[in-house]
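Source file upload-v2.cif; content: mmCIF, N, CA and C atoms.
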data_entry
loop_
_atom_site.label_atom_id
_atom_site.label_comp_id
_atom_site.auth_asym_id
_atom_site.auth_seq_id
_atom_site.Cartn_x
_atom_site.Cartn_y
_atom_site.Cartn_z
N ASP H 234 15.06 2.36 -0.15
CA ASP H 234 15.32 3.76 0.09
C ASP H 234 16.25 4.36 -0.95
N SER H 235 17.24 3.60 -1.40
CA SER H 235 18.21 4.16 -2.33
C SER H 235 17.57 4.55 -3.66
N ILE H 236 16.56 3.79 -4.11
CA ILE H 236 15.87 4.15 -5.35
C ILE H 236 15.12 5.46 -5.17
N LEU H 237 14.39 5.59 -4.05
CA LEU H 237 13.68 6.83 -3.78
C LEU H 237 14.64 8.00 -3.66
N ASP H 238 15.75 7.80 -2.95
CA ASP H 238 16.74 8.87 -2.83
C ASP H 238 17.27 9.28 -4.19
N SER H 239 17.53 8.30 -5.04
CA SER H 239 18.04 8.60 -6.38
C SER H 239 17.04 9.43 -7.18
N ILE H 240 15.77 9.04 -7.11
CA ILE H 240 14.73 9.80 -7.83
C ILE H 240 14.61 11.20 -7.28
N LEU H 241 14.58 11.32 -5.96
CA LEU H 241 14.47 12.65 -5.35
C LEU H 241 15.70 13.49 -5.63
N ASP H 242 16.88 12.88 -5.67
CA ASP H 242 18.10 13.61 -6.00
C ASP H 242 18.03 14.18 -7.41
N LYS H 243 17.51 13.39 -8.34
CA LYS H 243 17.39 13.85 -9.73
C LYS H 243 16.39 14.99 -9.85
N GLN H 244 15.44 15.06 -8.94
CA GLN H 244 14.41 16.10 -8.98
C GLN H 244 14.78 17.32 -8.14
N GLU H 245 15.94 17.28 -7.49
CA GLU H 245 16.30 18.31 -6.52
C GLU H 245 16.18 19.72 -7.08
N GLY H 246 16.68 19.95 -8.27
CA GLY H 246 16.60 21.30 -8.84
C GLY H 246 15.19 21.72 -9.17
N THR H 247 14.34 20.77 -9.44
CA THR H 247 12.96 21.07 -9.82
C THR H 247 12.10 21.40 -8.61
N PHE H 248 12.30 20.65 -7.51
CA PHE H 248 11.40 20.78 -6.37
C PHE H 248 12.02 21.41 -5.15
N ASN H 249 13.34 21.36 -5.02
CA ASN H 249 14.03 21.93 -3.86
C ASN H 249 13.39 21.51 -2.53
N LEU H 250 13.28 20.20 -2.34
CA LEU H 250 12.69 19.68 -1.12
C LEU H 250 13.70 19.74 0.02
N SER H 251 13.22 20.15 1.17
CA SER H 251 14.08 20.15 2.35
C SER H 251 14.30 18.71 2.80
N THR H 252 15.24 18.51 3.69
CA THR H 252 15.50 17.17 4.23
C THR H 252 14.25 16.62 4.89
N GLU H 253 13.54 17.46 5.63
CA GLU H 253 12.30 17.04 6.29
C GLU H 253 11.23 16.66 5.27
N GLU H 254 11.09 17.46 4.21
CA GLU H 254 10.09 17.16 3.18
C GLU H 254 10.43 15.86 2.45
N ARG H 255 11.72 15.63 2.19
CA ARG H 255 12.14 14.38 1.55
C ARG H 255 11.76 13.19 2.44
N ALA H 256 11.99 13.32 3.74
CA ALA H 256 11.66 12.24 4.67
C ALA H 256 10.15 12.00 4.70
N THR H 257 9.38 13.07 4.66
CA THR H 257 7.92 12.97 4.65
C THR H 257 7.44 12.23 3.40
N VAL H 258 7.99 12.59 2.26
CA VAL H 258 7.61 11.94 1.00
C VAL H 258 7.99 10.47 1.04
N LYS H 259 9.20 10.17 1.47
CA LYS H 259 9.67 8.78 1.52
C LYS H 259 8.80 7.94 2.46
N HIS H 260 8.44 8.50 3.59
CA HIS H 260 7.59 7.77 4.53
C HIS H 260 6.20 7.54 3.93
N ALA H 261 5.68 8.54 3.25
CA ALA H 261 4.32 8.46 2.72
C ALA H 261 4.18 7.45 1.59
N VAL H 262 5.19 7.32 0.75
CA VAL H 262 5.03 6.47 -0.42
C VAL H 262 5.47 5.03 -0.18
N GLY H 263 6.18 4.76 0.91
CA GLY H 263 6.67 3.39 1.09
C GLY H 263 7.52 3.03 -0.10
N GLY H 264 7.11 2.07 -0.88
CA GLY H 264 7.83 1.70 -2.08
C GLY H 264 7.01 1.96 -3.33
N ASN H 265 5.95 2.73 -3.21
CA ASN H 265 5.00 2.91 -4.30
C ASN H 265 5.43 4.06 -5.22
N MET H 266 5.94 3.70 -6.38
CA MET H 266 6.42 4.71 -7.33
C MET H 266 5.28 5.52 -7.92
N THR H 267 4.09 4.93 -8.04
CA THR H 267 2.94 5.69 -8.54
C THR H 267 2.62 6.84 -7.60
N ASP H 268 2.61 6.56 -6.29
CA ASP H 268 2.35 7.62 -5.32
C ASP H 268 3.44 8.68 -5.36
N LEU H 269 4.70 8.25 -5.50
CA LEU H 269 5.79 9.23 -5.59
C LEU H 269 5.59 10.13 -6.79
N SER H 270 5.25 9.55 -7.91
CA SER H 270 5.03 10.33 -9.12
C SER H 270 3.88 11.33 -8.94
N LEU H 271 2.80 10.88 -8.31
CA LEU H 271 1.64 11.77 -8.09
C LEU H 271 1.97 12.89 -7.11
N ILE H 272 2.74 12.58 -6.08
CA ILE H 272 3.15 13.63 -5.13
C ILE H 272 4.02 14.66 -5.82
N LEU H 273 5.02 14.20 -6.57
CA LEU H 273 5.91 15.14 -7.25
C LEU H 273 5.16 15.96 -8.29
N HIS H 274 4.20 15.35 -8.97
CA HIS H 274 3.39 16.09 -9.94
C HIS H 274 2.57 17.18 -9.23
N SER H 275 1.97 16.84 -8.09
CA SER H 275 1.19 17.83 -7.34
C SER H 275 2.07 18.99 -6.88
N VAL H 276 3.28 18.68 -6.42
CA VAL H 276 4.20 19.74 -6.00
C VAL H 276 4.58 20.60 -7.20
N GLN H 277 4.82 19.97 -8.33
CA GLN H 277 5.15 20.70 -9.55
C GLN H 277 4.01 21.63 -9.96
N GLN H 278 2.77 21.23 -9.66
CA GLN H 278 1.61 22.04 -10.01
C GLN H 278 1.32 23.13 -8.98
N GLY H 279 2.14 23.20 -7.91
CA GLY H 279 2.01 24.28 -6.97
C GLY H 279 1.56 23.90 -5.56
N ALA H 280 1.21 22.64 -5.35
CA ALA H 280 0.82 22.21 -4.00
C ALA H 280 2.06 22.13 -3.12
N SER H 281 1.87 22.32 -1.83
CA SER H 281 2.98 22.11 -0.91
C SER H 281 3.19 20.61 -0.76
N VAL H 282 4.37 20.22 -0.28
CA VAL H 282 4.64 18.81 -0.05
C VAL H 282 3.62 18.24 0.93
N ALA H 283 3.32 18.99 1.99
CA ALA H 283 2.36 18.52 2.99
C ALA H 283 0.99 18.28 2.36
N GLN H 284 0.54 19.19 1.49
CA GLN H 284 -0.75 19.03 0.83
C GLN H 284 -0.75 17.81 -0.10
N ALA H 285 0.32 17.66 -0.86
CA ALA H 285 0.41 16.55 -1.81
C ALA H 285 0.42 15.21 -1.08
N VAL H 286 1.19 15.13 0.01
CA VAL H 286 1.25 13.89 0.79
C VAL H 286 -0.10 13.61 1.43
N GLU H 287 -0.74 14.62 2.00
CA GLU H 287 -2.04 14.42 2.64
C GLU H 287 -3.07 13.91 1.63
N GLN H 288 -3.03 14.43 0.41
CA GLN H 288 -3.96 13.96 -0.61
C GLN H 288 -3.73 12.49 -0.93
N ARG H 289 -2.47 12.07 -1.04
CA ARG H 289 -2.16 10.65 -1.31
C ARG H 289 -2.62 9.78 -0.14
N LEU H 290 -2.41 10.26 1.09
CA LEU H 290 -2.85 9.49 2.26
C LEU H 290 -4.38 9.37 2.27
N ALA H 291 -5.05 10.45 1.95
CA ALA H 291 -6.52 10.41 1.91
C ALA H 291 -6.99 9.43 0.83
N ASP H 292 -6.33 9.46 -0.32
CA ASP H 292 -6.69 8.52 -1.38
C ASP H 292 -6.44 7.08 -0.93
N GLY H 293 -5.34 6.85 -0.23
CA GLY H 293 -5.03 5.51 0.27
C GLY H 293 -6.05 5.02 1.28
N ARG H 294 -6.42 5.90 2.21
CA ARG H 294 -7.45 5.52 3.20
C ARG H 294 -8.75 5.18 2.50
N SER H 295 -9.08 5.95 1.49
CA SER H 295 -10.31 5.72 0.74
C SER H 295 -10.27 4.36 0.04
N ARG H 296 -9.12 4.00 -0.55
CA ARG H 296 -8.99 2.70 -1.21
C ARG H 296 -9.17 1.56 -0.21
N VAL H 297 -8.54 1.68 0.96
CA VAL H 297 -8.65 0.63 1.98
C VAL H 297 -10.09 0.52 2.48
N GLU H 298 -10.70 1.66 2.81
CA GLU H 298 -12.08 1.64 3.28
C GLU H 298 -13.01 1.04 2.23
N GLY H 299 -12.81 1.42 0.97
CA GLY H 299 -13.63 0.89 -0.10
C GLY H 299 -13.49 -0.62 -0.25
N LYS H 300 -12.26 -1.10 -0.14
CA LYS H 300 -12.02 -2.54 -0.25
C LYS H 300 -12.66 -3.29 0.91
N LEU H 301 -12.53 -2.76 2.12
CA LEU H 301 -13.16 -3.40 3.27
C LEU H 301 -14.69 -3.45 3.11
N LEU H 302 -15.26 -2.34 2.67
CA LEU H 302 -16.71 -2.31 2.46
C LEU H 302 -17.13 -3.30 1.37
N LYS H 303 -16.36 -3.36 0.30
CA LYS H 303 -16.68 -4.28 -0.80
C LYS H 303 -16.62 -5.73 -0.33
N GLU H 304 -15.59 -6.07 0.43
CA GLU H 304 -15.48 -7.46 0.92
C GLU H 304 -16.57 -7.77 1.94
N GLY H 305 -16.91 -6.82 2.78
CA GLY H 305 -18.02 -7.01 3.72
C GLY H 305 -19.34 -7.20 3.00
N GLN H 306 -19.56 -6.41 1.95
CA GLN H 306 -20.79 -6.53 1.17
C GLN H 306 -20.83 -7.87 0.44
N ALA H 307 -19.69 -8.31 -0.07
CA ALA H 307 -19.63 -9.62 -0.74
C ALA H 307 -20.02 -10.74 0.23
N MET H 308 -19.59 -10.61 1.47
CA MET H 308 -19.94 -11.60 2.48
C MET H 308 -21.45 -11.57 2.74
N ALA H 309 -22.00 -10.38 2.88
CA ALA H 309 -23.44 -10.24 3.15
C ALA H 309 -24.29 -10.74 1.99
N ASP H 310 -23.81 -10.54 0.76
CA ASP H 310 -24.57 -10.92 -0.43
C ASP H 310 -24.36 -12.37 -0.86
N ALA H 311 -23.42 -13.07 -0.24
CA ALA H 311 -23.09 -14.43 -0.67
C ALA H 311 -24.28 -15.37 -0.50
N ASP H 312 -24.47 -16.22 -1.50
CA ASP H 312 -25.52 -17.23 -1.44
C ASP H 312 -24.98 -18.47 -0.73
N GLY H 313 -25.72 -18.96 0.24
CA GLY H 313 -25.36 -20.20 0.91
C GLY H 313 -24.27 -20.02 1.95
N SER H 314 -24.25 -20.93 2.88
CA SER H 314 -23.32 -20.82 4.00
C SER H 314 -21.87 -21.02 3.57
N THR H 315 -21.61 -21.87 2.57
CA THR H 315 -20.24 -22.10 2.12
C THR H 315 -19.66 -20.84 1.47
N ASN H 316 -20.42 -20.22 0.58
CA ASN H 316 -19.96 -18.99 -0.07
C ASN H 316 -19.78 -17.86 0.94
N ARG H 317 -20.70 -17.78 1.90
CA ARG H 317 -20.61 -16.74 2.92
C ARG H 317 -19.37 -16.96 3.78
N ALA H 318 -19.09 -18.22 4.12
CA ALA H 318 -17.90 -18.53 4.92
C ALA H 318 -16.62 -18.22 4.14
N ASN H 319 -16.60 -18.51 2.84
CA ASN H 319 -15.43 -18.19 2.01
C ASN H 319 -15.21 -16.68 1.94
N ALA H 320 -16.29 -15.93 1.79
CA ALA H 320 -16.19 -14.47 1.74
C ALA H 320 -15.72 -13.93 3.09
N ALA H 321 -16.20 -14.52 4.17
CA ALA H 321 -15.77 -14.09 5.51
C ALA H 321 -14.29 -14.37 5.71
N ARG H 322 -13.81 -15.52 5.23
CA ARG H 322 -12.38 -15.83 5.35
C ARG H 322 -11.53 -14.87 4.54
N LYS H 323 -12.01 -14.46 3.37
CA LYS H 323 -11.27 -13.50 2.55
C LYS H 323 -11.18 -12.16 3.28
N LEU H 324 -12.28 -11.71 3.84
CA LEU H 324 -12.28 -10.46 4.61
C LEU H 324 -11.34 -10.57 5.81
N THR H 325 -11.34 -11.71 6.46
CA THR H 325 -10.46 -11.93 7.61
C THR H 325 -8.99 -11.90 7.19
N ARG H 326 -8.68 -12.49 6.02
CA ARG H 326 -7.30 -12.44 5.53
C ARG H 326 -6.87 -11.01 5.22
N LEU H 327 -7.77 -10.22 4.63
CA LEU H 327 -7.43 -8.82 4.34
C LEU H 327 -7.14 -8.09 5.65
N TRP H 328 -7.98 -8.29 6.64
CA TRP H 328 -7.79 -7.63 7.93
C TRP H 328 -6.47 -8.06 8.57
N ALA H 329 -6.19 -9.36 8.54
CA ALA H 329 -4.94 -9.87 9.11
C ALA H 329 -3.73 -9.33 8.36
N CYS H 330 -3.85 -9.20 7.05
CA CYS H 330 -2.77 -8.62 6.24
C CYS H 330 -2.49 -7.19 6.67
N MET H 331 -3.54 -6.40 6.78
CA MET H 331 -3.35 -5.00 7.19
C MET H 331 -2.72 -4.94 8.57
N GLN H 332 -3.15 -5.79 9.45
CA GLN H 332 -2.64 -5.78 10.81
C GLN H 332 -1.14 -6.12 10.85
N ILE H 333 -0.74 -7.19 10.19
CA ILE H 333 0.66 -7.61 10.25
C ILE H 333 1.58 -6.63 9.53
N VAL H 334 1.12 -6.08 8.42
CA VAL H 334 1.97 -5.13 7.69
C VAL H 334 2.05 -3.80 8.44
N CYS H 335 0.97 -3.39 9.08
CA CYS H 335 1.03 -2.18 9.90
C CYS H 335 2.00 -2.34 11.06
N GLU H 336 2.00 -3.52 11.67
CA GLU H 336 2.91 -3.77 12.80
C GLU H 336 4.37 -3.84 12.36
N ARG H 337 4.63 -4.43 11.22
CA ARG H 337 6.00 -4.70 10.81
C ARG H 337 6.54 -3.72 9.78
N GLY H 338 5.68 -2.98 9.12
CA GLY H 338 6.14 -2.04 8.09
C GLY H 338 6.24 -2.71 6.73
N THR H 339 7.22 -3.55 6.56
CA THR H 339 7.36 -4.33 5.34
C THR H 339 7.71 -5.76 5.73
N LEU H 340 7.38 -6.67 4.86
CA LEU H 340 7.76 -8.05 5.09
C LEU H 340 7.80 -8.77 3.77
N PRO H 341 8.58 -9.84 3.69
CA PRO H 341 8.67 -10.59 2.43
C PRO H 341 7.31 -11.17 2.03
N ARG H 342 7.09 -11.20 0.74
CA ARG H 342 5.85 -11.78 0.19
C ARG H 342 5.67 -13.20 0.70
N ALA H 343 6.75 -13.99 0.71
CA ALA H 343 6.66 -15.38 1.15
C ALA H 343 6.17 -15.48 2.59
N GLU H 344 6.60 -14.55 3.43
CA GLU H 344 6.16 -14.57 4.83
C GLU H 344 4.68 -14.19 4.94
N LEU H 345 4.26 -13.24 4.15
CA LEU H 345 2.85 -12.85 4.14
C LEU H 345 1.99 -14.02 3.65
N LEU H 346 2.47 -14.74 2.66
CA LEU H 346 1.76 -15.93 2.20
C LEU H 346 1.68 -16.98 3.32
N ARG H 347 2.80 -17.20 3.98
CA ARG H 347 2.86 -18.22 5.02
C ARG H 347 1.96 -17.90 6.21
N HIS H 348 1.96 -16.65 6.64
CA HIS H 348 1.24 -16.28 7.86
C HIS H 348 -0.21 -15.85 7.64
N VAL H 349 -0.54 -15.41 6.43
CA VAL H 349 -1.88 -14.85 6.22
C VAL H 349 -2.63 -15.52 5.07
N PHE H 350 -2.04 -15.57 3.90
CA PHE H 350 -2.80 -15.93 2.72
C PHE H 350 -2.77 -17.40 2.33
N GLY H 351 -1.76 -18.13 2.74
CA GLY H 351 -1.69 -19.54 2.37
C GLY H 351 -1.71 -19.70 0.86
N THR H 352 -2.68 -20.44 0.37
CA THR H 352 -2.78 -20.71 -1.07
C THR H 352 -3.48 -19.59 -1.85
N HIS H 353 -3.84 -18.54 -1.19
CA HIS H 353 -4.60 -17.45 -1.83
C HIS H 353 -3.69 -16.31 -2.29
N SER H 354 -2.62 -16.66 -3.00
CA SER H 354 -1.66 -15.65 -3.46
C SER H 354 -2.30 -14.65 -4.42
N ASP H 355 -3.36 -15.05 -5.11
CA ASP H 355 -4.05 -14.14 -6.02
C ASP H 355 -4.61 -12.92 -5.28
N GLU H 356 -4.91 -13.08 -4.00
CA GLU H 356 -5.42 -11.94 -3.22
C GLU H 356 -4.33 -10.89 -3.02
N ILE H 357 -3.09 -11.32 -2.84
CA ILE H 357 -1.99 -10.35 -2.73
C ILE H 357 -1.91 -9.54 -4.02
N ASP H 358 -1.95 -10.23 -5.15
CA ASP H 358 -1.89 -9.54 -6.45
C ASP H 358 -3.05 -8.57 -6.61
N GLU H 359 -4.22 -8.97 -6.15
CA GLU H 359 -5.41 -8.10 -6.20
C GLU H 359 -5.18 -6.83 -5.38
N TYR H 360 -4.59 -6.97 -4.19
CA TYR H 360 -4.38 -5.81 -3.33
C TYR H 360 -3.26 -4.91 -3.83
N VAL H 361 -2.27 -5.49 -4.50
CA VAL H 361 -1.23 -4.66 -5.13
C VAL H 361 -1.86 -3.89 -6.28
N LYS H 362 -2.63 -4.58 -7.09
CA LYS H 362 -3.27 -3.93 -8.25
C LYS H 362 -4.20 -2.80 -7.82
N SER H 363 -4.90 -2.99 -6.70
CA SER H 363 -5.83 -1.96 -6.24
C SER H 363 -5.14 -0.85 -5.43
N GLY H 364 -3.84 -0.99 -5.19
CA GLY H 364 -3.10 0.06 -4.50
C GLY H 364 -3.12 -0.03 -2.99
N ILE H 365 -3.57 -1.14 -2.45
CA ILE H 365 -3.59 -1.31 -0.99
C ILE H 365 -2.23 -1.76 -0.49
N LEU H 366 -1.58 -2.63 -1.24
CA LEU H 366 -0.22 -3.06 -0.93
C LEU H 366 0.70 -2.56 -2.03
N SER H 367 1.96 -2.37 -1.70
CA SER H 367 2.93 -2.03 -2.73
C SER H 367 4.22 -2.78 -2.46
N TYR H 368 4.95 -3.02 -3.52
CA TYR H 368 6.24 -3.68 -3.39
C TYR H 368 7.30 -2.68 -3.00
N SER H 369 8.20 -3.10 -2.14
CA SER H 369 9.35 -2.29 -1.73
C SER H 369 10.59 -3.02 -2.19
N ASN H 370 11.60 -2.28 -2.54
CA ASN H 370 12.83 -2.87 -3.03
C ASN H 370 13.86 -2.87 -1.91
N ASN H 371 13.63 -3.71 -0.89
CA ASN H 371 14.51 -3.72 0.28
C ASN H 371 15.68 -4.68 0.16
N SER H 372 15.58 -5.65 -0.71
CA SER H 372 16.66 -6.61 -0.90
C SER H 372 16.34 -7.41 -2.14
N SER H 373 16.97 -8.56 -2.27
CA SER H 373 16.68 -9.40 -3.43
C SER H 373 15.32 -10.08 -3.29
N SER H 374 14.74 -10.08 -2.09
CA SER H 374 13.41 -10.66 -1.88
C SER H 374 12.35 -9.63 -2.22
N GLN H 375 11.16 -10.12 -2.53
CA GLN H 375 10.04 -9.21 -2.76
C GLN H 375 9.42 -8.87 -1.42
N PHE H 376 9.47 -7.60 -1.06
CA PHE H 376 8.86 -7.14 0.18
C PHE H 376 7.58 -6.41 -0.16
N LEU H 377 6.61 -6.52 0.73
CA LEU H 377 5.35 -5.82 0.54
C LEU H 377 5.14 -4.87 1.70
N SER H 378 4.57 -3.73 1.41
CA SER H 378 4.21 -2.79 2.46
C SER H 378 2.81 -2.29 2.20
N LEU H 379 2.15 -1.95 3.27
CA LEU H 379 0.80 -1.40 3.17
C LEU H 379 0.92 0.07 2.83
N ILE H 380 0.00 0.54 1.99
CA ILE H 380 -0.02 1.97 1.78
C ILE H 380 -0.22 2.62 3.14
N HIS H 381 0.32 3.78 3.35
CA HIS H 381 0.26 4.42 4.66
C HIS H 381 -1.10 5.05 4.87
N ILE H 382 -1.76 4.60 5.96
CA ILE H 382 -3.10 5.13 6.24
C ILE H 382 -3.11 5.73 7.64
#
Spit out the file's structure as structure tokens when you get a sec.
Amino acid sequence: DSILDSILDKQEGTFNLSTEERATVKHAVGGNMTDLSLILHSVQQGASVAQAVEQRLADGRSRVEGKLLKEGQAMADADGSTNRANAARKLTRLWACMQIVCERGTLPRAELLRHVFGTHSDEIDEYVKSGILSYSNNSSSQFLSLIHI
């Protein structure tokens, strides 16, 4: 939160966000600086904070839906029962990840690995890269949060 507050404080003269608008932006971006940058850019271009946040949320929902559809299609297209089972397990891990992060908000990467991904740490990196998960700077540990959908 302190990093987001610092960034928003530096932008105060540019955007004049109310306390409520600041809280809305902070809730919407989690720890995702790319989303914060896009929201502030939209506001600078004349959109209201509510419009800018809603657009980011819509984009986030679209990314999650697209990833779920892609993983489901990969499972359907897989050759052989072993490949199909591996694809099904990957889809199940994605679903379990979304579920646990939605319930808890943020959690350490190590805990997400322990409870959901096991040896499949590359999947976490894939979801961060695609914008489904983002890192939060909550302590010295790496915390992950789901984009807000």
inquiry  = I need the residues in segment 286-380 of chain H that are strand (DSSP E or B) according to DSSP; give them as JSON, numbers by chain.
reply    = {"H": [339, 340, 341, 366, 367, 368, 369, 376, 377, 378, 379]}
ask   = When you draw a straight line from atom CA of Gly299 of chain H to atom CA of Gly364 of chain H, how long is it in Å?
value =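 Atom CA of Gly364 of chain H lies 11.4 Å from atom CA of Gly299 of chain H.
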inquiry  = Applying 12 Å and only C-alpha atoms, which residues near Gln288 of chain H remain after dropping the ones on its own chain fewer than 6 positions away? List them as a PyMOL selection string.
reply    = chain H and resi 258+261-262+268-269+271-273+275-276+280-282+294-295+381-382
Nearest candidate to Leu301 of chain H (options H:Leu324, H:Leu346, H:Val334, H:Ala256; using only C-alpha atoms) = H:Leu324
key: Computed interatomic separation between atom N of Gly313 of chain H and atom N of Arg296 of chain H (Å)   =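 We find that atom N of Gly313 of chain H and atom N of Arg296 of chain H lie 28.3 Å from each other.
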message = Can you tell me which residues surround Val297 of chain H at a distance of at most 8 Å, considering all atoms listed in the file, apart from same-chain residues fewer than 4 positions away, and format the answer as a list in words?
response =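 These residues fall inside the cut-off: Ala291, Asp292, Gly293, Leu301, Leu302, Lys303, Ser363, Gly364 and Ile365 of chain H.
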query = In Å, how far is it from atom CA of Ala309 of chain H to atom C of Ile333 of chain H?
reply =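 About the pair atom CA of Ala309 of chain H and atom C of Ile333 of chain H: they are 26.1 Å apart.
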task = Kindly indicate which residue among H:Val349, H:Ala321, H:Leu327, H:Leu250 lies nearest to Glu298 of chain H, using only C-alpha atoms for the distances.
result =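 Ranking H:Val349, H:Ala321, H:Leu327, H:Leu250 by distance to Glu298 of chain H, first place goes to H:Leu327.
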key: Exercise: Arg317 of chain H partners within 7 Å, only N, CA and C atoms, chain neighbours under 6 positions left out, as JSON, numbers by chain   = {"H": [307, 308, 309, 310, 311]}
Could the residues in this selection be saved with N, CA and C atoms as an mmCIF file, keeping the file's coordinate frame?
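Done, and the output landed in again19.cif:
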data_model
loop_
_atom_site.group_PDB
_atom_site.id
_atom_site.type_symbol
_atom_site.label_atom_id
_atom_site.label_comp_id
_atom_site.auth_asym_id
_atom_site.auth_seq_id
_atom_site.Cartn_x
_atom_site.Cartn_y
_atom_site.Cartn_z
ATOM 1 N N ALA H 307 -19.690 -8.310 -0.070
ATOM 2 C CA ALA H 307 -19.630 -9.620 -0.740
ATOM 3 C C ALA H 307 -20.020 -10.740 0.230
ATOM 4 N N MET H 308 -19.590 -10.610 1.470
ATOM 5 C CA MET H 308 -19.940 -11.600 2.480
ATOM 6 C C MET H 308 -21.450 -11.570 2.740
ATOM 7 N N ALA H 309 -22.000 -10.380 2.880
ATOM 8 C CA ALA H 309 -23.440 -10.240 3.150
ATOM 9 C C ALA H 309 -24.290 -10.740 1.990
ATOM 10 N N ASP H 310 -23.810 -10.540 0.760
ATOM 11 C CA ASP H 310 -24.570 -10.920 -0.430
ATOM 12 C C ASP H 310 -24.360 -12.370 -0.860
ATOM 13 N N ALA H 311 -23.420 -13.070 -0.240
ATOM 14 C CA ALA H 311 -23.090 -14.430 -0.670
ATOM 15 C C ALA H 311 -24.280 -15.370 -0.500
#
request  = Could you tell me, as an NGL selection string, which residues of segment 255-369 of chain H DSSP assigns to helix (DSSP H, G or I) when given the backbone?
outcome  = :H and (255-262 or 266-277 or 282-310 or 313-337 or 342-350 or 354-362)
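Counting only C-alpha atoms, the residue from H:Ala283, H:Ser367, H:Glu254, H:Glu304 that sits nearest to Thr339 of chain H is H:Ser367.
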